[in-house]
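J.: Pasting a structure below so you can have a look.
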Amino acid sequence: MRTYKTREWYAIIRLFVPGIVLFISIVLFFGSKLLTSGGDFIAGNDVHDYHFWNIYFFREQCLSGSFPLWNPHSYCGHPFLANSANFVLYPFVVIYLIMPLAPAFNLDILLHLFIAGIGVWLLVRSLAGSAIAGFVSSIIYIFCGYMIESVCAGHLTKIHSAAILPWIFYFTENAFRSGRMAWYLILSGTMLGIQIFTGNTQNNLYTIYFVSTYFVVRCLMERRRIDVQQMTTYALYICLILVISFGLSAAQLIPSWELISLSDRSRETYEFATFMSFMPRNFFTFLVPKPETMLISTNWEFGAYVGILPLFLAGLGILFSHERRTTVGFLCMLIISVTLMLGSYTPLYRIYYYILPLIDKIRVPARAVIFFDFSIAILAGYGVKFVLETVNTRRLRYFCCPAIIFFLLSLYAGVLTFHIPILSKGVILATVFIFVSAGTLLISPLVRNRTVIAGILLLVIFTDLYLAYNKTIPVQNINEILRKQPYEQILEQDKDLYRVMFPITVTGHHFDVPSRGNVFHYYNVNGYIPIALNEFYQYMHIMAGVPVPQLRRHTLDMDIFQHARVLSSRILGIKYAIVEDSSGYTMKQAPWYMPRAVLCHEALVVPNRDEHITYISNPRFNPTTTILLEKDYGDHAQSLSQPGPEDVVKITTYTPNRIVVQTSSAGNAYLLLSDLYYPGWKSLVDGTHIPTLRADYLLRAVPLQAGQHTVEFIYRPLSLYVGILITSLTILTVLIFLISLRKKRKTDKSSLRLSVKYNIRHRR
């Protein structure tokens with residue numbers, strides 16, 4: 001017989017068992033790839049191409065005592081914090097500051113898969129009342145196609161966002177179950193705010209829509225009759241989630257919104273918004289994740305495989321679960337996610353495009369797959385509960401037999417339609433798992449030990465997903481990534497302040513030149529950033545005479561990197577460029593390049609900014625002597641003097657957030673800085689604030705009087721400070737509100753105890 005203390009320890013151990021088993025499952029799935037011996041680490045394309053270099057830059061700046069708000073190494077300078085894909089305000093970014101980079105990347109993936117699994121386990125345990133069902137659902141979710149394909153693609157922000165997702169639904173569901181709706185909706189809004197910090201804007205937007213949908217459906221299922229007052233109350237509760245999440249994440253949202261409004265995504269088309277929609281033929285990948293055919297795309301954006309058995313279990317959950325109040329909500333999410341995934345392949349998406357806010361700013365509708373996989377994982381949990389509790393094989397037979405026929409017909413119809421070899425590995429495995437899944441379900445009522453059944457279910461699901469994805473997980477070596485390229489050895493010897501013009505690909509290999517400047521401290525006109533400043537991006541292509549790309553915009557078009565085009569921008573100070581020739585790519589040095597800072601003694605006021613490009617493209621225009629302005633600063637343009645031999649311009653400090661220039665001139669002039677104009681750059685001349693002018697279409701300038709001056713350009717974006725203020729006030733308000741709720745709850749309990757005592761005494 002167990003003592004009280006023994007039972008207490010037993011309860012504590014049981015509490016930690018799911019986490020321990022989940023952790024072991026993740027370690028088994030990734031195996032030796034989690035080890036970083038020799039500098040190896042898990043790194044998909046975007047880690048190799050993008051995240052590694054930005055995290056290195058962020059780490060280097062923070063450890064040197066400066067928080068980077070601006071990145072001068074890409075696109076002639078680009079907002080760093082405002083680019084949410086850098087997730088610099090996300091709390092877990094701290095692991096990159098306290099650990100070496102290689103193990104930090106591995107820990108990032110392991111930690112977020114673990115967080116996602118625990119969140120799903122808690123959610124399904126709460127929904128279905130079964131810890132075993134919750135664990136099965138967590139295994140399905142963390143190893144589903146969306147998650148592992150995101151690992152393979154290096155989409156860290158997608159993994160971060162997906163890890164927070166189940167926690168948002170967990171707290172939202174507890175708002176209904178606990179009777180403490182305000183308390184749990186505040187926690188739900190807090191988790192949504194944290195999700196916004198993860199940097200995946202698209203998933204964050206989808207989460208808002210799906211949480212709102214689930215909340216509405218849940219309210220309707222909770223009460224058959226809802227009057228106007230109740231509807232108003234529920235609407236206010238939804239607003240509570242959104243207000244808290246927006247308030248908490250304002251430090252990221254407001255700078256990001258400023259960037260988006262000035263980016264190439266400020267004016268989009270329906271074709272852009274539906275780029276990479278989930279093709280209907282890709283539903284075949286729910287049976288064969290990697291079919292051997294050219295007719296079906298296996299791009300990671302379309303990864304949606306959850307395994308065969310989870311599809312059986314989800315069907316059982318939909319048909320036979322008694323928890324209709326919640327299964328209907330997730331079934332609605334499942335259906336809506338399909339209409340979002342399909343994008344241009346369904347007329348409904350055009351309605352979404354014109355009605356739903358911000359849908360026109362994002363692309364790749366296929367990313368809504370996350371909510372399909374998430375819904376399947378949750379519904380499969382209900383199916384697991386049904387399997388564990390049922391003792392009647394009739395329902396299972398009636399379900400499994402038609403399901404086997406349906407899956408086999410779908411499988412072999414796809415084989416014939418898409419010309420897939422019938423004896424290919426994917427088809428054979430799909431056939432085997434269809435029969436194994438059905439057989440497992442049919443024999444489950446015959447096994448008395450429910451733990452054994454759960455173990456078999458987990459083994460089948462884990463094996464299926466392991467075989468589908470384990471060998472696709474990419475590994476990179478940090479020493480190889482940081483190995484200096486020959487052109488970087490040349491740049492290291494040249495200490496001048498200049499820019500380079502390097503493409504994303506060199507001699508057929510991904511060297512990720514635009515991003516490497518973050519680490520090796522050179523300044524690239526090109527970049528690899530999903531959101532580019534619109535006027536800069538337009539300028540580069542117009543000057544080169546190359547059409548502006550409409551769909552793929554992560555970097556400059558490769559047609560720019562021709563001998564006659566690569567130096568066409570003129571005013572951006574390009575000294576070295578990599579150009580394409582018959583033998584591949586070669587490095588070219590410019591005969592002349594624009595200095596980073598010059599004093600201009602001639603000014604042309606051209607109000608129409610687009611006309612600036614016409615002037616700049618004219619070979620007779622000299623950008624070192626003449627400046628183009630939209631408007632004059634007072635009468636300064638009228639009082640300019642001729643250049644003299646005593647003109648001096650010297651850059652003494654050039655850091656991401658601050659530039660200091662020493663100047664000397666016998667007469668009035670404009671200091672032109674060959675850096676991009678962007679809101680938030682403040683100018684100080686001898687310590688006095690003066691306006692920063694836009695010059696030469698996209699550069700910065702300040703007017704100077706005759707004499708010697710110290711000019712500072714400091715990046716202090718108002719959007720960030722406003723965002724920090726709102727975030728701080730929201731945190732303070734939430735804490736005060738939670739404390740008051742807790743005190744009220746304690747007071748109510750005390751009042752209840754006193755009332756009970758009074759009633760007992762009164763009866764006596």
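Residues in the structure tokens are numbered from 1 in each chain, the chains being A, B, ... in the order shown, and ligands are numbered from 1 in the order shown.
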List every residue of segment 464-680 of chain A that DSSP, applied to the backbone, labels as helix (DSSP H, G or I), and write the result as JSON, numbers by chain.

T.: {"A": [464, 465, 466, 467, 468, 469, 470, 471, 472, 478, 479, 480, 481, 486, 487, 488, 489, 490, 491, 492, 493, 513, 514, 515, 516, 517, 518, 519, 520, 534, 535, 536, 537, 538, 539, 540, 541, 542, 543, 544, 558, 559, 560, 611, 612, 613, 614, 615, 616, 617, 636, 637, 638, 639]}

J.: Wanna dump the segment 673-725 of chain A-segment 601-609 of chain A contacts at 10 Å for me, each residue with its shortest atom pair and the distance in Å to one decimal, counting only C-alpha atoms, ordered by chain and number, as JSON lines?

T.:
```
{"residue": "A:Arg694", "atom": "CA", "partner": "A:Arg609", "partner_atom": "CA", "distance": 9.5}
{"residue": "A:Ala695", "atom": "CA", "partner": "A:Arg609", "partner_atom": "CA", "distance": 9.1}
{"residue": "A:Asp696", "atom": "CA", "partner": "A:Arg609", "partner_atom": "CA", "distance": 8.3}
{"residue": "A:Tyr697", "atom": "CA", "partner": "A:Arg609", "partner_atom": "CA", "distance": 5.9}
{"residue": "A:Leu698", "atom": "CA", "partner": "A:Arg609", "partner_atom": "CA", "distance": 9.1}
```

J.: Give me, as a short mmCIF file (atom, residue, chain, number, x, y, z; two decimals) with N, CA and C atoms, in the first residue's frame, all polymer residues having an atom no more than 6 Å from segment 534-550 of chain A, counting only C-alpha atoms and skipping those fewer than 4 positions away in the same chain.

T.:
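Printed below is part.cif as written:
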```cif
data_model
loop_
_atom_site.label_atom_id
_atom_site.label_comp_id
_atom_site.auth_asym_id
_atom_site.auth_seq_id
_atom_site.Cartn_x
_atom_site.Cartn_y
_atom_site.Cartn_z
N SER A 263 8.09 49.13 -48.37
CA SER A 263 8.75 48.04 -49.07
C SER A 263 8.08 47.74 -50.39
N ASP A 264 8.63 46.73 -51.07
CA ASP A 264 8.06 46.31 -52.34
C ASP A 264 6.73 45.59 -52.16
N ARG A 565 25.91 46.16 -67.06
CA ARG A 565 24.83 46.57 -66.16
C ARG A 565 25.24 46.64 -64.70
N SER A 568 25.70 50.04 -63.08
CA SER A 568 24.79 51.06 -63.60
C SER A 568 24.20 51.97 -62.53
N SER A 569 24.23 51.57 -61.28
CA SER A 569 23.59 52.39 -60.24
C SER A 569 24.33 53.70 -59.98
#
```

J.: Pick the closest to Asn526 of chain A from A:Val94, A:Ile578, A:Ile731, A:Leu497: which is it, counting only C-alpha atoms?

T.: A:Ile578

J.: For the contact check between segment 99-186 of chain A and segment 298-320 of chain A, emit one row per residue of segment 99-186 of chain A within 7 Å, containing the shortest atom pair and the distance in Å rounded to one decimal, counting only C-alpha atoms, chain then rising number order, as JSON lines.

T.:
```
{"residue": "A:Ile140", "atom": "CA", "partner": "A:Val306", "partner_atom": "CA", "distance": 6.3}
{"residue": "A:Cys144", "atom": "CA", "partner": "A:Val306", "partner_atom": "CA", "distance": 4.7}
{"residue": "A:Gly145", "atom": "CA", "partner": "A:Ala304", "partner_atom": "CA", "distance": 4.4}
{"residue": "A:Tyr146", "atom": "CA", "partner": "A:Gly303", "partner_atom": "CA", "distance": 5.3}
{"residue": "A:Glu149", "atom": "CA", "partner": "A:Trp300", "partner_atom": "CA", "distance": 5.1}
{"residue": "A:Ser150", "atom": "CA", "partner": "A:Trp300", "partner_atom": "CA", "distance": 6.8}
{"residue": "A:Ala153", "atom": "CA", "partner": "A:Trp300", "partner_atom": "CA", "distance": 6.4}
```

J.: Please list as a count of residues only every residue within 7 Å of segment 384-390 of chain A, counting only C-alpha atoms and excluding residues in the same chain fewer than 6 positions away.

T.: 8

J.: Could you name the residues that touch Phe176 of chain A at 10 Å or less, counting only C-alpha atoms, but leaving out those on the same chain fewer than 6 positions away, as a list in words?

T.: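 Non-adjacent residues within range: Ala182, Tyr184, Leu185, Phe215, Arg218, Cys219 and Glu222 of chain A.
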
J.: Take the residues that were just selected and, keeping C-alpha atoms, output them as a PDB file, in the first residue's frame.

T.:
```
ATOM      1  CA  ALA A 182     -10.676  36.847 -18.760  1.00  0.00           C
ATOM      2  CA  TYR A 184      -7.032  32.644 -19.736  1.00  0.00           C
ATOM      3  CA  LEU A 185      -7.786  34.941 -22.656  1.00  0.00           C
ATOM      4  CA  PHE A 215     -13.536  31.081 -30.590  1.00  0.00           C
ATOM      5  CA  ARG A 218     -16.763  27.346 -29.658  1.00  0.00           C
ATOM      6  CA  CYS A 219     -19.129  30.044 -28.407  1.00  0.00           C
ATOM      7  CA  GLU A 222     -21.271  26.225 -25.983  1.00  0.00           C
TER       8      GLU A 222
END
```

J.: Go through A:Thr625, A:Thr463, A:Ser212, A:Gln195 one by one, measure the shortest atom-to-atom distance of each to Ser25 of chain A using only C-alpha atoms, and give the residue with the smallest value.

T.: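 Nearest candidate to Ser25 of chain A out of A:Thr625, A:Thr463, A:Ser212, A:Gln195: A:Thr463.
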
J.: Need the shell around Ser126 of chain A: protein/DNA/RNA residues with any atom at most 12 Å away, counting only C-alpha atoms. Skip same-chain ones fewer than 2 positions apart. Format as a VMD selection string?

T.: chain A and resid 119 to 124 128 to 135 166 to 167 169 to 178 323 326 378 381 to 382

J.: Take the selection from the previous step and output its residues with N, CA, C and O atoms, as a compact mmCIF listing (two decimals), in the first residue's frame.

T.:
```txt
# COMPACT_ATOMS: atom_id res chain seq x y z
N GLY A 119 2.86 21.60 -25.76
CA GLY A 119 1.64 22.38 -25.97
C GLY A 119 0.50 21.54 -26.52
O GLY A 119 -0.64 21.64 -26.05
N VAL A 120 0.79 20.69 -27.51
CA VAL A 120 -0.24 19.83 -28.09
C VAL A 120 -0.70 18.80 -27.06
O VAL A 120 -1.90 18.49 -26.96
N TRP A 121 0.26 18.25 -26.29
CA TRP A 121 -0.11 17.27 -25.27
C TRP A 121 -1.08 17.87 -24.25
O TRP A 121 -2.11 17.25 -23.91
N LEU A 122 -0.79 19.07 -23.77
CA LEU A 122 -1.68 19.73 -22.81
C LEU A 122 -3.04 20.03 -23.43
O LEU A 122 -4.08 19.84 -22.79
N LEU A 123 -3.02 20.48 -24.69
CA LEU A 123 -4.28 20.85 -25.35
C LEU A 123 -5.17 19.63 -25.53
O LEU A 123 -6.36 19.67 -25.18
N VAL A 124 -4.63 18.53 -26.07
CA VAL A 124 -5.45 17.35 -26.33
C VAL A 124 -5.85 16.67 -25.02
O VAL A 124 -6.96 16.14 -24.90
N ALA A 128 -9.66 16.05 -24.89
CA ALA A 128 -10.15 14.67 -24.94
C ALA A 128 -10.13 13.98 -23.59
O ALA A 128 -10.69 12.89 -23.44
N GLY A 129 -9.48 14.58 -22.61
CA GLY A 129 -9.41 13.96 -21.30
C GLY A 129 -8.53 12.74 -21.26
O GLY A 129 -8.72 11.85 -20.42
N SER A 130 -7.54 12.68 -22.14
CA SER A 130 -6.66 11.52 -22.21
C SER A 130 -5.23 11.97 -22.43
O SER A 130 -4.91 12.59 -23.45
N ALA A 131 -4.36 11.66 -21.47
CA ALA A 131 -2.95 12.03 -21.60
C ALA A 131 -2.28 11.24 -22.72
O ALA A 131 -1.41 11.76 -23.42
N ILE A 132 -2.69 9.97 -22.89
CA ILE A 132 -2.11 9.15 -23.96
C ILE A 132 -2.48 9.71 -25.33
O ILE A 132 -1.63 9.81 -26.23
N ALA A 133 -3.73 10.10 -25.49
CA ALA A 133 -4.17 10.70 -26.76
C ALA A 133 -3.39 11.98 -27.03
O ALA A 133 -2.99 12.26 -28.17
N GLY A 134 -3.14 12.76 -25.97
CA GLY A 134 -2.37 13.99 -26.13
C GLY A 134 -0.95 13.71 -26.59
O GLY A 134 -0.41 14.43 -27.43
N PHE A 135 -0.35 12.63 -26.07
CA PHE A 135 1.02 12.32 -26.46
C PHE A 135 1.07 11.87 -27.92
O PHE A 135 1.99 12.24 -28.66
N PRO A 166 0.01 25.83 -30.47
CA PRO A 166 -0.88 25.04 -29.59
C PRO A 166 -1.12 25.68 -28.23
O PRO A 166 -2.18 25.47 -27.63
N TRP A 167 -0.16 26.47 -27.75
CA TRP A 167 -0.35 27.13 -26.46
C TRP A 167 -1.44 28.19 -26.54
O TRP A 167 -2.19 28.39 -25.57
N PHE A 169 -4.11 28.04 -28.44
CA PHE A 169 -5.38 27.32 -28.41
C PHE A 169 -5.62 26.69 -27.04
O PHE A 169 -6.77 26.59 -26.59
N TYR A 170 -4.55 26.28 -26.37
CA TYR A 170 -4.71 25.68 -25.05
C TYR A 170 -5.31 26.68 -24.06
O TYR A 170 -6.27 26.36 -23.34
N PHE A 171 -4.78 27.89 -24.04
CA PHE A 171 -5.31 28.89 -23.12
C PHE A 171 -6.70 29.37 -23.55
O PHE A 171 -7.55 29.66 -22.71
N THR A 172 -6.94 29.42 -24.86
CA THR A 172 -8.27 29.81 -25.34
C THR A 172 -9.31 28.78 -24.92
O THR A 172 -10.41 29.13 -24.46
N GLU A 173 -8.98 27.50 -25.06
CA GLU A 173 -9.91 26.44 -24.65
C GLU A 173 -10.14 26.44 -23.14
O GLU A 173 -11.26 26.25 -22.66
N ASN A 174 -9.09 26.69 -22.37
CA ASN A 174 -9.24 26.73 -20.92
C ASN A 174 -10.11 27.90 -20.47
O ASN A 174 -10.69 27.85 -19.37
N ALA A 175 -10.20 28.92 -21.30
CA ALA A 175 -11.08 30.04 -20.96
C ALA A 175 -12.52 29.58 -20.87
O ALA A 175 -13.30 30.09 -20.05
N PHE A 176 -12.90 28.59 -21.69
CA PHE A 176 -14.26 28.05 -21.65
C PHE A 176 -14.42 27.03 -20.52
O PHE A 176 -15.48 26.95 -19.90
N ARG A 177 -13.38 26.25 -20.27
CA ARG A 177 -13.51 25.13 -19.35
C ARG A 177 -13.35 25.53 -17.88
O ARG A 177 -13.91 24.88 -16.99
N SER A 178 -12.59 26.58 -17.63
CA SER A 178 -12.26 26.91 -16.24
C SER A 178 -13.24 27.87 -15.59
O SER A 178 -13.28 27.98 -14.37
N GLU A 323 -17.13 14.70 -28.03
CA GLU A 323 -16.83 16.10 -27.71
C GLU A 323 -17.14 17.00 -28.90
O GLU A 323 -16.26 17.58 -29.53
N THR A 326 -15.94 20.80 -29.35
CA THR A 326 -14.58 21.15 -29.78
C THR A 326 -14.21 20.54 -31.13
O THR A 326 -13.49 21.15 -31.90
N ILE A 378 -4.87 17.20 -33.78
CA ILE A 378 -5.84 17.31 -32.68
C ILE A 378 -6.98 16.32 -32.87
O ILE A 378 -7.37 15.61 -31.93
N GLY A 381 -6.16 12.89 -31.99
CA GLY A 381 -6.20 12.65 -30.55
C GLY A 381 -7.56 12.15 -30.10
O GLY A 381 -7.66 11.24 -29.26
N TYR A 382 -8.62 12.74 -30.65
CA TYR A 382 -9.97 12.24 -30.36
C TYR A 382 -10.12 10.80 -30.85
O TYR A 382 -10.76 9.97 -30.21
```

J.: Give me the residues near Val722 of chain A as a VMD selection string, where near means some atom within 10 Å (using only C-alpha atoms) and where sequence neighbours in that chain fewer than 6 positions away do not count.

T.: chain A and resid 250 to 251 254 to 255 728
